[in-house]
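Before any comments, here is the structure.
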Amino acid sequence: MFANTISKKDLALLAVFTAAVLAGPIILKPIGAGYPDLLQKFAIYGIFALGFNILFGLTGYLSFGHAAFLGVGSYTAVWTFKLLSMNPIPAIILATIAGGLFSALIGFISLRRSGIYFSILTLAFAQMSYNLAYSVLTPITNGETGLQLTQSDPRALDVAFGRDYGAVLPVSDLFGMEMQGYPGFYFCAVMLIVCFFISMRIYRSPFGMMLRAVKSNQNRLNFTGVHTRPYALTAFIISGMYAGLAGGLLAVTDPLAGAERMQWTASGEVVLMTILGGAGTLLGPVIGAGAIKYFENIFSAFNDGILMKIFSFLPEVLQHLAVSISSLFVGEGWHLTLGALFMVIVIFLPGGLMEGVTRLSNLFRKQPPDDRAGGTPHPAPAE
Amino acid sequence: MSALSVKNVNKRFGGLKALDNVNLEIDGGTVHAIIGPNGAGKSTLLNCFIGRLEPDTGSVTFNGQSLLGMAPHEINQAGVSRVFQTPEIFGDLSLIDNVMIPSFARRDGAFKINAWTPVRRNGPMAEKAMSMLEDVGLAAKADETAGHLSRGDKRRLELAMCLVQDPKLLLLDEPTAGMARADTNNTIDLMKTIAQRGVTMVVIEHDMHVVFSLAEKISVLAQGTVIAEDTPANIKGNPKVQEAYLGGAHL
Amino acid sequence: MDAILLQVLNGLDKGGAYALIALGLTIIFGTLGVVNFAHGALFMLGAFCAVTVKALLGITKVTLDPTQTTPWGAPMEIRQPYVEVWFGDFGTTLLDYSVPVSILVAIPIMLLIGIVMERGLIRFFYKRPHAEQILVTFGLAIVIQEIVKSNFGANPIPQPAPDMFNGMIDFGVALGFDAGNVVYPAWRLIYFLFSVGVIAAVFAFLQFTTFGMVVRAGMADRETVGLLGIDIDRRFTIVFGIAAVVAGLAGTMYTPILSPDYHMGMDFLVLSFVVVVVGGMGSLGGAVAAGFLLGVLQSFASMNEVKAILPGIDQIIIYLIAVVVLLVRPRGLMGRRGVMEQ
């Protein structure tokens with residue numbers, strides 16, 4: 001169907017990506033990430049970061065409010081479960097639409113300014129949504145408890161099709177296949193692959209070229225006859241839809257939506273995923289999302305007992321010292337690691353891991369190595 | 001008939017009168033040079049043509065259509081392209097992309113979501129861009145990143161970016177500054193061929209060699225006013241121009 | 001009328017905090033060209049200066065009194081803060097006044113933090129894109145926040161105002177209203193006066209010292225100042241230090257109004273950014289005016305009468321105003337063309 005419009009290189013990339021995602025449970029087993037709950041997170045946050053990258057990586061507009069769209073997606077999906085059906089398809093469709101509509105509204109206002117103004121505005125709107133979700137909108141969001149399913153939900157479509165979940169709290173299912181465990185992962189994985197494919201098309205299209213031009217020199221683009229604002233707004237909406245979809249998928253795999261998903265830290269996290277992998281690269285954000293979620297999973301599970309074991313090869317005094325320092329960064333302190341990682345990446349490797357790979361391969365190819373290539377990140381907290 | 005008509009344009013910056021009742025009629029299909037000492041208001045005037053600045057009073061019409069109040073992209077879509085004094089290019093992108101973007105802008109208009117079909121590296125758009133790069137002598141560097149070019153090369157790239165749009169009116173702000181002599185001569189030749197195609201051109205230039213090889217008419221701007229407007233031959237002998245422009249020295 | 005006055009007063013203390021943070025943000029934007037997402041963290045650190053000082057002052061000396069015994073027969077422990085042991089009544093006063101006393105500690109500490117931050121991190125980002133400045137200071141804000149959390153815990157730590165200011169002032173009586181109608185917590189009034197004092201000091205410094213002149217010139221046109229051959233680097237460091245002190249003091253004095261916790265900085269930062277946007281990027285007067293304006297409007301929006309008509313308006317009023325201002329006056333109330341625009 002698209003053999004004549006997609007280059008062989010891209011086709012190969014897509015094939016490898018698809019294979020790698022589908023074989024994820026096997027590939028990631030050796031590093032202890034081969035279980036479905038974590039794999040689902042990889043795929044979902046991969047979608048979130050892919051979408052964010054269409055905005056930030058291509059147009060350079062740095063949004064600090066994308067968690068709001070994720071949250072809106074989750075709420076929409078849970079409401080779809082409650083009112084219509086436990087089938088994930090309507091839930092994610094509506095979540096994507098809701099993310100798109102909400103981002104259209106916020107983007108329309110925020111994009112009246114560029115640069116730092118834009119970042120501040122998106123941050124403010126996300127914070128506003130978060131505040132609202134906790135206060136006035138409690139009838140919709142169920143406030144601090146979070147929105148949950150109940151047995152007495154109407155589920156109109158399910159009822160119409162004679163589907164009865166009986167006296168148990170239902171889980172989302174695709175025509176009888178429960179969206180948890182591996183089926184849940186594969187559902188998210190297919191979405192990730194579709195999203196990756198769409199991203200790829202956008203990247204290679206004239207539209208993508210225009211978005212890059214927005215980042216490179218917006219002034220020139222204006223004087224070249226291009227109305228830049230609708231381009232940026234479209235990119236904003238697309239990324240909002242990706243975020244809505246990701247939020248919907250979070251609800252599909254675990255039908256619960258809470259306001260904390262909309263907090264600024266969550267917005268910061270997707271920025272970090274994108275720059276860690278490499279903003280503006282196709283594959284980077286997915287890798288970044290995977291890396292962050294993987295390390296979050298490992299680090300937050302650590303406690304002093306495990307650390308004592310890890311450092312048991314050290315003399316006792318050093319062991320205690322090492323444990324007390326590193327315990328700052330694990331468990332509850334995972335956010336400290338996240339913040340420090342943020343700084344290290346921005347300071348030493350603003351192009352992200354993908355740039356790191358390029359630099360390394362250049363290092364091996366050319367003889368006099370680029371002296372900037374020495375800046376490999378080291379796990380020290382920044383000053 | 002005149003393609004670009006400027007009537008009684010005034011522009012103040014605080015206490016400074018940058019443009020003082022400027023009147024200009026630029027005939028269609030001609031090359032019109034604007035010369036004048038530094039700070040005479042030449043670039044300010046061009047900025048008023050492309051929507052970067054709005055004159056305080058007066059009118060600017062292009063083929064009977066007022067350009068005032070139009071957004072920069074609308075003015076460009078009406079057929080006006082400009083080469084800037086400091087080259088404005090897409091520094092992060094390759095040369096070929098730099099030229100394809102304006103080309104898409106001309107084909108697709110100010111905004112079009114064309115997000116599904118990839119940009120083809122061997123399609124007609126790419127071929128057109130390539131031939132433009134050949135015209136300005138940059139074809140060999142088509143895949144390099146534009147930001148790394150020398151200043152003269154950036155200027156030629158910017159020229160290609162304007163030419164690919166087949167503009168009706170081409171505004172050139174010092175198109176040869178920073179170029180080596182040989183490149184300057186090539187650029188002059190290129191502009192002559194463009195002129196032969198019937199494109200109206202307004203050139204701001206300090207290099208008199210360029211001015212006199214190209215221009216059919218010259219306007220002299222000093223302290224925000226047009227002090228003389230004539231054919232190159234007559235301008236050379238105009239004592240008022242020599243006074244204002246070169247402090248009495250002969251051109 | 002008295003109800004309106006009360007709401008105006010209620011908004012002034014919060015407005016003062018917004019104004020102080022926004023002032024520092026604007027000065028840093030204007031002179032250094034850096035967007036400091038860690039500015040809220042400086043506010044929070046200032047607040048924790050007060051927490052630390054109070055904790056230090058409160059360290060108790062434990063003595064055993066053999067003449068008294070506990071019900072279990074052990075000698076009675078007498079706990080008394082060292083400051084009281086050493087200084088007697090003065091020590092008691094010192095403890096009572098721990099928040100204002102913290103100012104003396106907060107000034108050098110915040111100055112030091114500011115200088116270290118600028119020298120150690122910010123200065124490497126002057127020439128880097130705004131997005132990277134935002135990201136690195138954002139990371140720093142998280143780091144600072146988490147360090148504070150691991151040291152002081154996640155719960156708010158109440159800091160009492162000095163006894164003398166704990167009460168209420170019946171403000172209305174002084175203005176001829178009936179008693180009991182405009183009653184206002186004394187410390188909030190102190191905070192408002194304090195913030196006005198600090199703002200006045202900053203403006204005086206910028207207006208009347210040569211250093212301040214250079215800073216103002218720098219905000220108007222950074223390139224020119226660079227050309228004057230002035231040692232910009234050292235001045236940048238000091239400017240950053242001053243902004244850090246201003247934010248820190250705003251936090252120190254705010255502790256009796258809002259018990260400090262580790263994430264208070266980010267909450268205030270977001271609002272202060274909105275204040276800067278509303279006031280106009282690069283405009284010091286705009287930052288101050290917008291700070292107080294938004295503080296007061298927020299307080300009006302929190303009135304029950306208003307909330308009854310527009311539920312939740314108190315949560316979003318500031319953002320709504322920002323939207324309106326941006327749509328009507330994209331440069332903010334007092335913004336100038338070309339400042340902080342690419």
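Ordered as shown in the structure tokens, chains take letters A, B, and onward, while each chain numbers its residues from 1 and ligands are numbered from 1 in the order shown.
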Show me, as a count of residues only, the residues that have an atom within 9 Å of Leu121 in chain A when counting only C-alpha atoms, minus same-chain residues fewer than 6 positions from it. 14
Pick out the residues sitting within 8 Å of Trp116 in chain B, and hand them over as a PyMOL selection string; count only C-alpha atoms, and ignore anything fewer than 4 positions along from it in its own chain. chain A and resi 201-202+205
With C-alpha atoms retained, export the selected residues as a tab-separated table (two decimals), in the first residue's frame.
```
chain	number	residue	atom	x	y	z
A	201	ARG	CA	5.18	9.67	8.36
A	202	ILE	CA	4.99	13.10	9.97
A	205	SER	CA	6.44	14.74	5.29
```
For a test of reading the model, state the distance in Å between CA of Phe118 in chain A and CA of Tyr61 in chain A, rounded to one decimal. 7.4 Å
Using only C-alpha atoms and a cut-off of 8 Å, which residues of chain A sit close to chain C? Please list them as a PyMOL selection string. chain A and resi 62+109+112-117+120-121+123-125+127-128+131-132+135-136+328+333+335-343+346-347+350+383
Find the residues of chain A in contact range of chain B, meaning any atom within 6 Å when counting only C-alpha atoms, and list them as a list in words.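 Residues passing the distance filter: Arg201, Ile202, Arg204, Ser205, Pro206, Phe207, Ser216, Asn217, Arg220, Asn222, Phe223, Thr224, Gly225, Val226 and His227 of chain A.
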Polymer residues at most 10 Å from Ile238 in chain C, only C-alpha atoms, same-chain spacing of 3 or more positions, as a list in words: Leu111, Gly114, Ile115, Glu118, Phe211, Ile232, Asp233, Arg234, Arg235, Gly241, Ile242, Ala243 and Ala244 of chain C
Atoms kept (N, CA and C atoms) for selection, written as a PDB file, in the first residue's frame:
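Saved to selection-v2.pdb:
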```
ATOM      1  N   LEU C 111      22.501  34.532  50.044  1.00  0.00           N
ATOM      2  CA  LEU C 111      23.487  35.158  49.168  1.00  0.00           C
ATOM      3  C   LEU C 111      24.500  34.105  48.712  1.00  0.00           C
ATOM      4  N   GLY C 114      22.899  31.709  46.312  1.00  0.00           N
ATOM      5  CA  GLY C 114      22.746  32.364  45.018  1.00  0.00           C
ATOM      6  C   GLY C 114      24.061  32.401  44.255  1.00  0.00           C
ATOM      7  N   ILE C 115      25.112  32.770  44.952  1.00  0.00           N
ATOM      8  CA  ILE C 115      26.409  32.890  44.285  1.00  0.00           C
ATOM      9  C   ILE C 115      26.900  31.525  43.810  1.00  0.00           C
ATOM     10  N   GLU C 118      24.941  30.486  40.770  1.00  0.00           N
ATOM     11  CA  GLU C 118      25.283  31.209  39.552  1.00  0.00           C
ATOM     12  C   GLU C 118      26.648  30.769  39.036  1.00  0.00           C
ATOM     13  N   PHE C 211      26.061  50.678  40.580  1.00  0.00           N
ATOM     14  CA  PHE C 211      25.846  49.267  40.272  1.00  0.00           C
ATOM     15  C   PHE C 211      24.434  49.072  39.722  1.00  0.00           C
ATOM     16  N   ILE C 232      31.057  42.404  33.499  1.00  0.00           N
ATOM     17  CA  ILE C 232      29.684  41.948  33.603  1.00  0.00           C
ATOM     18  C   ILE C 232      29.576  40.705  34.491  1.00  0.00           C
ATOM     19  N   ASP C 233      30.553  39.834  34.345  1.00  0.00           N
ATOM     20  CA  ASP C 233      30.452  38.548  35.033  1.00  0.00           C
ATOM     21  C   ASP C 233      30.230  38.700  36.530  1.00  0.00           C
ATOM     22  N   ARG C 234      31.068  39.572  37.165  1.00  0.00           N
ATOM     23  CA  ARG C 234      30.957  39.684  38.604  1.00  0.00           C
ATOM     24  C   ARG C 234      29.615  40.289  38.989  1.00  0.00           C
ATOM     25  N   ARG C 235      29.188  41.250  38.166  1.00  0.00           N
ATOM     26  CA  ARG C 235      27.905  41.890  38.461  1.00  0.00           C
ATOM     27  C   ARG C 235      26.763  40.898  38.324  1.00  0.00           C
ATOM     28  N   GLY C 241      22.802  36.771  43.262  1.00  0.00           N
ATOM     29  CA  GLY C 241      22.809  36.647  44.713  1.00  0.00           C
ATOM     30  C   GLY C 241      21.707  37.482  45.348  1.00  0.00           C
ATOM     31  N   ILE C 242      21.549  38.712  44.857  1.00  0.00           N
ATOM     32  CA  ILE C 242      20.519  39.589  45.417  1.00  0.00           C
ATOM     33  C   ILE C 242      19.125  39.004  45.178  1.00  0.00           C
ATOM     34  N   ALA C 243      18.913  38.547  43.958  1.00  0.00           N
ATOM     35  CA  ALA C 243      17.602  37.953  43.653  1.00  0.00           C
ATOM     36  C   ALA C 243      17.335  36.761  44.563  1.00  0.00           C
ATOM     37  N   ALA C 244      18.383  35.984  44.836  1.00  0.00           N
ATOM     38  CA  ALA C 244      18.223  34.830  45.723  1.00  0.00           C
ATOM     39  C   ALA C 244      17.868  35.286  47.129  1.00  0.00           C
TER      40      ALA C 244
END
```
Residue neighbourhood Leu276 in chain A, 12 Å, only C-alpha atoms, exclusion window fewer than 2 positions, as an mmCIF file with N, CA and C atoms, in the first residue's frame:
```cif
data_model
loop_
_atom_site.group_PDB
_atom_site.id
_atom_site.type_symbol
_atom_site.label_atom_id
_atom_site.label_comp_id
_atom_site.auth_asym_id
_atom_site.auth_seq_id
_atom_site.Cartn_x
_atom_site.Cartn_y
_atom_site.Cartn_z
ATOM 1 N N ALA A 49 5.841 10.041 25.049
ATOM 2 C CA ALA A 49 7.066 10.751 24.659
ATOM 3 C C ALA A 49 7.139 10.957 23.143
ATOM 4 N N ASN A 53 7.479 14.610 21.533
ATOM 5 C CA ASN A 53 8.604 14.897 20.642
ATOM 6 C C ASN A 53 8.152 15.558 19.338
ATOM 7 N N GLY A 57 10.489 18.211 19.859
ATOM 8 C CA GLY A 57 11.617 17.837 19.008
ATOM 9 C C GLY A 57 11.577 18.521 17.655
ATOM 10 N N GLY A 268 7.179 17.252 33.683
ATOM 11 C CA GLY A 268 8.640 17.278 33.635
ATOM 12 C C GLY A 268 9.198 15.930 33.220
ATOM 13 N N GLU A 269 8.525 14.866 33.661
ATOM 14 C CA GLU A 269 9.020 13.528 33.369
ATOM 15 C C GLU A 269 9.031 13.250 31.863
ATOM 16 N N VAL A 270 7.994 13.667 31.171
ATOM 17 C CA VAL A 270 7.954 13.379 29.734
ATOM 18 C C VAL A 270 8.989 14.235 28.989
ATOM 19 N N VAL A 271 9.250 15.439 29.516
ATOM 20 C CA VAL A 271 10.323 16.244 28.927
ATOM 21 C C VAL A 271 11.644 15.499 29.068
ATOM 22 N N LEU A 272 11.854 14.969 30.273
ATOM 23 C CA LEU A 272 13.102 14.263 30.529
ATOM 24 C C LEU A 272 13.240 13.031 29.636
ATOM 25 N N MET A 273 12.136 12.270 29.501
ATOM 26 C CA MET A 273 12.184 11.085 28.639
ATOM 27 C C MET A 273 12.630 11.479 27.236
ATOM 28 N N THR A 274 12.040 12.573 26.740
ATOM 29 C CA THR A 274 12.327 12.983 25.374
ATOM 30 C C THR A 274 13.769 13.444 25.212
ATOM 31 N N GLY A 278 16.707 11.756 23.158
ATOM 32 C CA GLY A 278 17.174 12.596 22.056
ATOM 33 C C GLY A 278 16.006 13.284 21.386
ATOM 34 N N ALA A 279 15.794 14.564 21.726
ATOM 35 C CA ALA A 279 14.671 15.294 21.141
ATOM 36 C C ALA A 279 14.899 15.439 19.647
ATOM 37 N N GLY A 280 13.844 15.269 18.888
ATOM 38 C CA GLY A 280 13.942 15.444 17.450
ATOM 39 C C GLY A 280 14.357 14.183 16.716
ATOM 40 N N THR A 281 14.697 13.127 17.442
ATOM 41 C CA THR A 281 14.986 11.855 16.786
ATOM 42 C C THR A 281 13.737 10.990 16.869
ATOM 43 N N LEU A 283 13.473 7.609 17.244
ATOM 44 C CA LEU A 283 13.505 6.483 18.170
ATOM 45 C C LEU A 283 13.784 6.930 19.602
ATOM 46 N N GLY A 284 14.516 8.045 19.736
ATOM 47 C CA GLY A 284 14.995 8.507 21.040
ATOM 48 C C GLY A 284 13.946 8.524 22.138
ATOM 49 N N PRO A 285 12.810 9.184 21.905
ATOM 50 C CA PRO A 285 11.831 9.312 22.982
ATOM 51 C C PRO A 285 11.345 7.962 23.516
ATOM 52 N N VAL A 286 11.184 6.978 22.629
ATOM 53 C CA VAL A 286 10.736 5.658 23.087
ATOM 54 C C VAL A 286 11.797 5.051 23.997
ATOM 55 N N ILE A 287 13.055 5.191 23.570
ATOM 56 C CA ILE A 287 14.149 4.659 24.382
ATOM 57 C C ILE A 287 14.220 5.399 25.714
ATOM 58 N N GLY A 288 14.091 6.728 25.652
ATOM 59 C CA GLY A 288 14.125 7.536 26.870
ATOM 60 C C GLY A 288 13.026 7.134 27.838
ATOM 61 N N ALA A 289 11.815 6.957 27.303
ATOM 62 C CA ALA A 289 10.689 6.574 28.154
ATOM 63 C C ALA A 289 10.960 5.229 28.807
ATOM 64 N N GLY A 290 11.464 4.290 28.000
ATOM 65 C CA GLY A 290 11.768 2.964 28.543
ATOM 66 C C GLY A 290 12.810 3.053 29.640
ATOM 67 N N ALA A 291 13.868 3.827 29.379
ATOM 68 C CA ALA A 291 14.956 3.924 30.355
ATOM 69 C C ALA A 291 14.445 4.508 31.668
ATOM 70 N N ILE A 292 13.680 5.590 31.583
ATOM 71 C CA ILE A 292 13.196 6.238 32.811
ATOM 72 C C ILE A 292 12.292 5.295 33.595
ATOM 73 N N LEU A 338 16.000 11.542 39.509
ATOM 74 C CA LEU A 338 15.390 12.081 38.299
ATOM 75 C C LEU A 338 15.875 13.513 38.055
ATOM 76 N N LEU A 341 19.541 13.503 37.143
ATOM 77 C CA LEU A 341 19.683 12.982 35.786
ATOM 78 C C LEU A 341 19.330 14.068 34.771
ATOM 79 N N PHE A 342 18.262 14.758 35.064
ATOM 80 C CA PHE A 342 17.816 15.891 34.261
ATOM 81 C C PHE A 342 18.981 16.843 34.025
ATOM 82 N N MET A 343 19.611 17.237 35.121
ATOM 83 C CA MET A 343 20.695 18.223 35.021
ATOM 84 C C MET A 343 21.875 17.653 34.248
ATOM 85 N N VAL A 344 22.234 16.420 34.578
ATOM 86 C CA VAL A 344 23.393 15.821 33.926
ATOM 87 C C VAL A 344 23.184 15.745 32.411
ATOM 88 N N ILE A 345 21.982 15.335 32.012
ATOM 89 C CA ILE A 345 21.699 15.222 30.581
ATOM 90 C C ILE A 345 21.765 16.588 29.913
ATOM 91 N N VAL A 346 21.106 17.573 30.516
ATOM 92 C CA VAL A 346 21.087 18.895 29.876
ATOM 93 C C VAL A 346 22.491 19.476 29.810
ATOM 94 N N ILE A 347 23.274 19.267 30.879
ATOM 95 C CA ILE A 347 24.607 19.866 30.908
ATOM 96 C C ILE A 347 25.538 19.176 29.920
ATOM 97 N N PHE A 348 25.556 17.858 29.962
ATOM 98 C CA PHE A 348 26.594 17.157 29.211
ATOM 99 C C PHE A 348 26.126 16.597 27.876
ATOM 100 N N LEU A 349 24.862 16.279 27.768
ATOM 101 C CA LEU A 349 24.423 15.596 26.555
ATOM 102 C C LEU A 349 23.054 16.124 26.108
ATOM 103 N N PRO A 350 23.008 17.428 25.760
ATOM 104 C CA PRO A 350 21.685 17.986 25.425
ATOM 105 C C PRO A 350 21.026 17.295 24.244
ATOM 106 N N GLY A 351 21.808 16.603 23.428
ATOM 107 C CA GLY A 351 21.217 15.877 22.303
ATOM 108 C C GLY A 351 20.683 14.508 22.690
ATOM 109 N N GLY A 352 20.886 14.107 23.945
ATOM 110 C CA GLY A 352 20.343 12.848 24.411
ATOM 111 C C GLY A 352 21.170 11.636 24.006
ATOM 112 N N LEU A 353 20.641 10.467 24.361
ATOM 113 C CA LEU A 353 21.364 9.221 24.108
ATOM 114 C C LEU A 353 21.637 9.017 22.620
ATOM 115 N N MET A 354 20.680 9.406 21.768
ATOM 116 C CA MET A 354 20.883 9.199 20.339
ATOM 117 C C MET A 354 22.110 9.979 19.860
ATOM 118 N N GLU A 355 22.275 11.212 20.385
ATOM 119 C CA GLU A 355 23.459 11.978 20.021
ATOM 120 C C GLU A 355 24.710 11.307 20.585
ATOM 121 N N GLY A 356 24.578 10.759 21.789
ATOM 122 C CA GLY A 356 25.697 10.062 22.397
ATOM 123 C C GLY A 356 26.167 8.920 21.512
ATOM 124 N N PRO A 377 28.004 11.152 30.353
ATOM 125 C CA PRO A 377 27.433 11.436 31.662
ATOM 126 C C PRO A 377 27.962 10.482 32.722
ATOM 127 N N LEU C 135 15.232 23.748 31.374
ATOM 128 C CA LEU C 135 15.343 22.343 31.770
ATOM 129 C C LEU C 135 16.338 22.158 32.904
#
```
Do you have the CA of Met208 in chain B-CA of Leu159 in chain B distance handy?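 Pair CA of Met208 in chain B / CA of Leu159 in chain B returns 19.6 Å.
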DSSP says helix (DSSP H, G or I) for which residues of range 4-194 of chain B? Put them as an MDAnalysis selection string? chainID B and resid 42:49 72:77 95:108 124:135 139:141 146:148 151:163 181:194
Give me the residues within 6 Å of Ile26 in chain B as an MDAnalysis selection string, counting only C-alpha atoms and dropping any in the same chain fewer than 5 places off. chainID B and resid 2:4
Output for the residues just chosen: N, CA and C atoms as a tab-separated table (two decimals), in the first residue's frame:
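Wrote it out as out-v9.tsv, contents follow:
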```tsv
chain	number	residue	atom	x	y	z
B	2	SER	N	3.42	51.35	-12.58
B	2	SER	CA	4.30	51.02	-11.45
B	2	SER	C	3.74	49.83	-10.68
B	3	ALA	N	4.65	48.91	-10.34
B	3	ALA	CA	4.25	47.71	-9.61
B	3	ALA	C	4.15	48.01	-8.12
B	4	LEU	N	5.18	48.69	-7.62
B	4	LEU	CA	5.20	49.01	-6.19
B	4	LEU	C	5.10	50.52	-6.06
```
